[in-house]
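Undergrad: Just dropping this structure here.
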Amino acid sequence: MKILVTGGTGYIGSHTCVELLNNGYEVVIVDNFSNSKPDVLDKIKEITSKDVIFYEGDVCDKELMNKIFDEQKIDAVIHFAGYKAVGESVKLPLMYYRNNLDSTITLCEVMSSHNVKKLVFSSSATVYGSPKNLPIKEDFPLSTTNPYGTTKLMIEGILKDLYISDNEWSIAVLRYFNPIGAHESGLIGENPNDIPNNLMPYIVKVATGELECLSVFGNDYDTKDGTGVRDYIHVVDLSKGHLKAIEKVNSSNGIDYYNLGTGNGYSVLEIVENFSKVNGVKVNYKITDRRPGDIAECYADPSYAKEKLDWAAEKGIEEMCRDAYRFVMRNK
Ligand code: NAD
Ligand code: UFG
């Protein structure tokens, strides 16, 4: 089977390509390197000893997308390409709406015209807004608090309408919780060039001495120790969920939604503590004000993914912390 992976040189995409290749799939990637680097392609090859077919370009470019579907016999698509920084989306909403919506609509149009109707889409737990109950189930009310989240919710709506209009589509919408960690080889992972927005990349940069001190955004939440609680999931576990989703869309029609999380919530201070212990490094931190827009607590009920996809996360917090640090140390 040949899978088109949009955004396949990005953080989650690259790990998913490794899993696909290791499981006998052929992989075609399209990426414009807006948030990734070409050397990821060499790393994927180094890990798997397999080649991918690569197209450099924009998923919003319909001519390019038609060319890819004309040249390759694509069986199904995993659509990662998109912008993902919450803060940036507040400052540049039109750029987010343009890229995330346009890429998805263009992709679906081209898929439709080539009669390829199996799609796995990267959504996010952000579509649950500020959940009233925990753990979060797929049928909880949906809302968003920033333009990035709204793009995900709008795309979920577009995909639902698409399925209603044409029941031949088979779509798996994956709502990720907080992916962290890296491939155990230390060859691929997440290492933003700018000052990181997310907790784990920030912790790593404090541990390596690139940044001085982690700001813990608030310790007065109604949580176990007052700091924010999230469902951190190892990126390799998350990637494996995509293979299960591909199997699902191959074997049935419809649209369905799956939480990909572990079901465990860790506080910011617990992450700092685990990271320090596992890696034997000190992480300086100070408590600061809450970050506007943050919620207190967010973790998944992953039982629907277990039941329908036969998928569950396997890696624990120690592996997530160890692998995140190893990747950055290897690639400093
Ligand atoms: P990433 O930025 O590392 O990867 C996205 C890739 O898509 C990058 O390689 C980028 O160059 C590419 N890209 C972006 N727009 C493109 C376009 N128009 N055409 C071609 N390539 C384009 O992000 P990631 O963390 O791997 O996330 C992948 C997907 O998962 C995104 O849709 C993101 O919104 C979603 N998601 C991520 C998280 C997270 O915390 N990382 C959480 C929930 C959902
Ligand atoms: N945090 C800090 N200091 C930091 C960074 C984060 O204390 O420097 C705290 C946050 O307040 C929060 C927790 O660490 O309590 C996690 O924050 P992240 O920024 O790592 O992750 P979020 O849960 O805020 O958001 C992430 C992605 C979103 C996605 C969401 C759910 O950034 O795109 O997970 O998947 F929608």
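Identifiers in this document derive from the order of the structure tokens: chains are assigned A, B, ..., residues are numbered from 1 separately in each chain, and ligands are numbered from 1 in order of occurrence.
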Taking only C-alpha atoms and all ligand atoms into account, which residues are within 8 Å of ligand 2, as an MDAnalysis selection string?
TA: chainID A and resid 84:86 124:127 148:149 175:179 196:200 202:203 214:218 227:230 267:268 290:291 294:298
Undergrad: Find the residues near ligand 1. Use a cut-off of 6 Å, count only C-alpha atoms and all ligand atoms, and write them as number ranges by chain.
TA: A: 7, 9-13, 30-36, 57-60, 80-84, 99, 103, 122-124, 176, 178-179
Undergrad: Just asking: which residues within region 216-291 of chain A are helix (DSSP H, G or I) according to DSSP, as number ranges by chain?
TA: A: 235-251, 268-279
Undergrad: Take the residues from that selection and write them out as a CSV table (one decimal), in the first residue's frame, keeping N, CA, C and O atoms.
TA:
chain,number,residue,atom,x,y,z
A,235,VAL,N,5.7,10.2,21.2
A,235,VAL,CA,5.4,10.4,19.8
A,235,VAL,C,5.5,9.1,19.0
A,235,VAL,O,4.7,8.9,18.0
A,236,VAL,N,6.2,8.1,19.5
A,236,VAL,CA,6.3,6.8,18.8
A,236,VAL,C,4.9,6.1,19.0
A,236,VAL,O,4.4,5.5,18.1
A,237,ASP,N,4.4,6.1,20.2
A,237,ASP,CA,3.1,5.5,20.4
A,237,ASP,C,2.0,6.2,19.6
A,237,ASP,O,1.2,5.6,19.0
A,238,LEU,N,2.1,7.5,19.5
A,238,LEU,CA,1.2,8.3,18.7
A,238,LEU,C,1.2,7.9,17.3
A,238,LEU,O,0.2,7.7,16.6
A,239,SER,N,2.5,7.7,16.8
A,239,SER,CA,2.7,7.4,15.4
A,239,SER,C,2.1,6.0,15.1
A,239,SER,O,1.4,5.8,14.0
A,240,LYS,N,2.2,5.1,16.1
A,240,LYS,CA,1.6,3.7,15.9
A,240,LYS,C,0.1,3.8,15.7
A,240,LYS,O,-0.5,3.0,15.1
A,241,GLY,N,-0.5,4.8,16.4
A,241,GLY,CA,-1.9,5.0,16.3
A,241,GLY,C,-2.4,5.3,14.9
A,241,GLY,O,-3.5,4.9,14.4
A,242,HIS,N,-1.5,5.9,14.1
A,242,HIS,CA,-1.8,6.2,12.7
A,242,HIS,C,-1.8,5.0,11.8
A,242,HIS,O,-2.6,4.9,10.9
A,243,LEU,N,-1.0,4.0,12.2
A,243,LEU,CA,-1.0,2.7,11.4
A,243,LEU,C,-2.4,2.0,11.7
A,243,LEU,O,-3.0,1.5,10.7
A,244,LYS,N,-2.8,2.1,12.9
A,244,LYS,CA,-4.1,1.5,13.2
A,244,LYS,C,-5.2,2.2,12.5
A,244,LYS,O,-6.2,1.6,12.1
A,245,ALA,N,-5.1,3.5,12.5
A,245,ALA,CA,-6.1,4.3,11.8
A,245,ALA,C,-6.2,4.0,10.3
A,245,ALA,O,-7.2,4.0,9.7
A,246,ILE,N,-5.0,3.8,9.7
A,246,ILE,CA,-4.9,3.5,8.3
A,246,ILE,C,-5.6,2.1,8.1
A,246,ILE,O,-6.4,1.9,7.1
A,247,GLU,N,-5.3,1.2,9.0
A,247,GLU,CA,-6.0,-0.1,8.8
A,247,GLU,C,-7.5,0.1,8.9
A,247,GLU,O,-8.3,-0.5,8.2
A,248,LYS,N,-8.0,0.9,9.8
A,248,LYS,CA,-9.4,1.2,10.0
A,248,LYS,C,-10.0,1.8,8.7
A,248,LYS,O,-11.1,1.3,8.3
A,249,VAL,N,-9.4,2.8,8.2
A,249,VAL,CA,-10.0,3.5,7.0
A,249,VAL,C,-10.0,2.6,5.8
A,249,VAL,O,-10.8,2.7,4.9
A,250,ASN,N,-9.0,1.6,5.8
A,250,ASN,CA,-9.0,0.7,4.7
A,250,ASN,C,-10.1,-0.4,4.8
A,250,ASN,O,-10.4,-0.9,3.7
A,251,SER,N,-10.5,-0.6,6.0
A,251,SER,CA,-11.5,-1.7,6.1
A,251,SER,C,-12.9,-1.3,6.3
A,251,SER,O,-13.8,-2.2,6.3
A,268,VAL,N,3.0,19.9,35.6
A,268,VAL,CA,4.3,20.5,35.1
A,268,VAL,C,5.4,20.1,36.1
A,268,VAL,O,6.5,19.6,35.6
A,269,LEU,N,5.2,20.2,37.4
A,269,LEU,CA,6.2,19.8,38.3
A,269,LEU,C,6.6,18.4,38.3
A,269,LEU,O,7.8,18.0,38.5
A,270,GLU,N,5.6,17.5,38.0
A,270,GLU,CA,5.9,16.1,37.9
A,270,GLU,C,6.8,15.8,36.7
A,270,GLU,O,7.7,14.9,36.7
A,271,ILE,N,6.5,16.5,35.6
A,271,ILE,CA,7.3,16.4,34.4
A,271,ILE,C,8.8,16.8,34.7
A,271,ILE,O,9.7,16.1,34.3
A,272,VAL,N,8.9,18.0,35.3
A,272,VAL,CA,10.2,18.5,35.7
A,272,VAL,C,11.0,17.5,36.5
A,272,VAL,O,12.2,17.1,36.3
A,273,GLU,N,10.3,16.9,37.5
A,273,GLU,CA,10.9,16.0,38.4
A,273,GLU,C,11.3,14.7,37.7
A,273,GLU,O,12.5,14.2,37.9
A,274,ASN,N,10.4,14.2,36.9
A,274,ASN,CA,10.8,12.9,36.1
A,274,ASN,C,11.9,13.2,35.2
A,274,ASN,O,12.8,12.4,35.1
A,275,PHE,N,11.9,14.3,34.5
A,275,PHE,CA,13.0,14.6,33.6
A,275,PHE,C,14.3,14.7,34.3
A,275,PHE,O,15.3,14.1,33.8
A,276,SER,N,14.4,15.4,35.4
A,276,SER,CA,15.6,15.5,36.2
A,276,SER,C,16.1,14.2,36.6
A,276,SER,O,17.3,13.9,36.5
A,277,LYS,N,15.2,13.4,37.1
A,277,LYS,CA,15.6,12.1,37.7
A,277,LYS,C,16.1,11.1,36.6
A,277,LYS,O,17.2,10.6,36.7
A,278,VAL,N,15.4,11.0,35.5
A,278,VAL,CA,15.7,10.1,34.5
A,278,VAL,C,17.0,10.4,33.8
A,278,VAL,O,17.8,9.6,33.5
A,279,ASN,N,17.2,11.8,33.6
A,279,ASN,CA,18.4,12.2,32.8
A,279,ASN,C,19.6,12.7,33.7
A,279,ASN,O,20.6,13.0,33.2
Undergrad: I need the residue nearest Gly181 (chain A) from this list: A:Arg326, A:His234, A:Lys306, A:Lys73. Use only C-alpha atoms for the distance.
TA: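 Going through A:Arg326, A:His234, A:Lys306, A:Lys73 one by one, the smallest distance to Gly181 (chain A) is for A:His234.
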Undergrad: Return the single residue from A:Asp310, A:Glu56, A:Glu109, A:Glu71 that is closest to Thr6 (chain A), with distances computed using only C-alpha atoms.
TA: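 Answer, going by the shortest atom-to-atom distance: A:Glu56.
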Undergrad: Excluding same-chain residues fewer than 6 positions from Leu4 (chain A), what lies within 8 Å of it counting only C-alpha atoms, as an MDAnalysis selection string?
TA: chainID A and resid 27:30 74:78
Undergrad: Go ahead and write the selection's residues with C-alpha atoms as a compact mmCIF listing (two decimals), in the first residue's frame.
TA:
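The file below, again.txt, is the result:
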# COMPACT_ATOMS: atom_id res chain seq x y z
CA VAL A 27 5.57 6.24 1.64
CA VAL A 28 5.22 9.41 -0.42
CA ILE A 29 5.88 12.66 1.44
CA VAL A 30 4.90 16.18 0.47
CA ILE A 74 -1.89 6.62 -3.67
CA ASP A 75 -4.14 4.36 -1.60
CA ALA A 76 -4.66 6.56 1.45
CA VAL A 77 -3.50 9.86 2.93
CA ILE A 78 -2.32 10.94 6.37
Undergrad: If we count only C-alpha atoms and set the cut-off at 12 Å, which residues sit around Glu184 (chain A), ignoring sequence neighbours fewer than 3 positions away in its own chain? Please answer as number ranges by chain.
TA: A: 15, 18, 47, 181, 187-189, 234-237, 315, 319-328, 330
Undergrad: From the list A:Tyr232, A:Tyr55, A:Tyr97, A:Tyr299, which residue is nearest Met154 (chain A) when using only C-alpha atoms?
TA: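 Closest residue, counting only C-alpha atoms: A:Tyr97.
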Undergrad: Based on the backbone DSSP call, show me all residues of region 83-261 of chain A assigned strand (DSSP E or B), as a ChimeraX atom specification.
TA: /A:118-124,128,136,143,170-176,178-180,214-217,229-230,232-234,254-260
Undergrad: To one decimal place, how far is CA of Val52 (chain A) from CA of Phe121 (chain A) in Å?
TA: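 CA of Phe121 (chain A) lies 20.4 Å from CA of Val52 (chain A).
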Undergrad: Pick from A:Ile233, A:Ile53, A:Ile136, A:Ile155: nearest to Asn100 (chain A), with only C-alpha atoms counted?
TA: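 Smallest separation from Asn100 (chain A) among the options: A:Ile155.
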Undergrad: Give me the residues within 7 Å of Leu21 (chain A) as a PyMOL selection string, counting only C-alpha atoms and dropping any in the same chain fewer than 4 places off.
TA: chain A and resi 17+25-27+48+50
Undergrad: Mind writing the picked residues with C-alpha atoms as a PDB file, in the first residue's frame?
TA:
ATOM      1  CA  CYS A  17       6.827   7.593   8.220  1.00  0.00           C
ATOM      2  CA  TYR A  25       4.016   0.493   3.533  1.00  0.00           C
ATOM      3  CA  GLU A  26       5.331   2.587   0.661  1.00  0.00           C
ATOM      4  CA  VAL A  27       5.568   6.242   1.636  1.00  0.00           C
ATOM      5  CA  THR A  48      14.582   2.258   8.269  1.00  0.00           C
ATOM      6  CA  LYS A  50      14.135   2.301   3.127  1.00  0.00           C
TER       7      LYS A  50
END
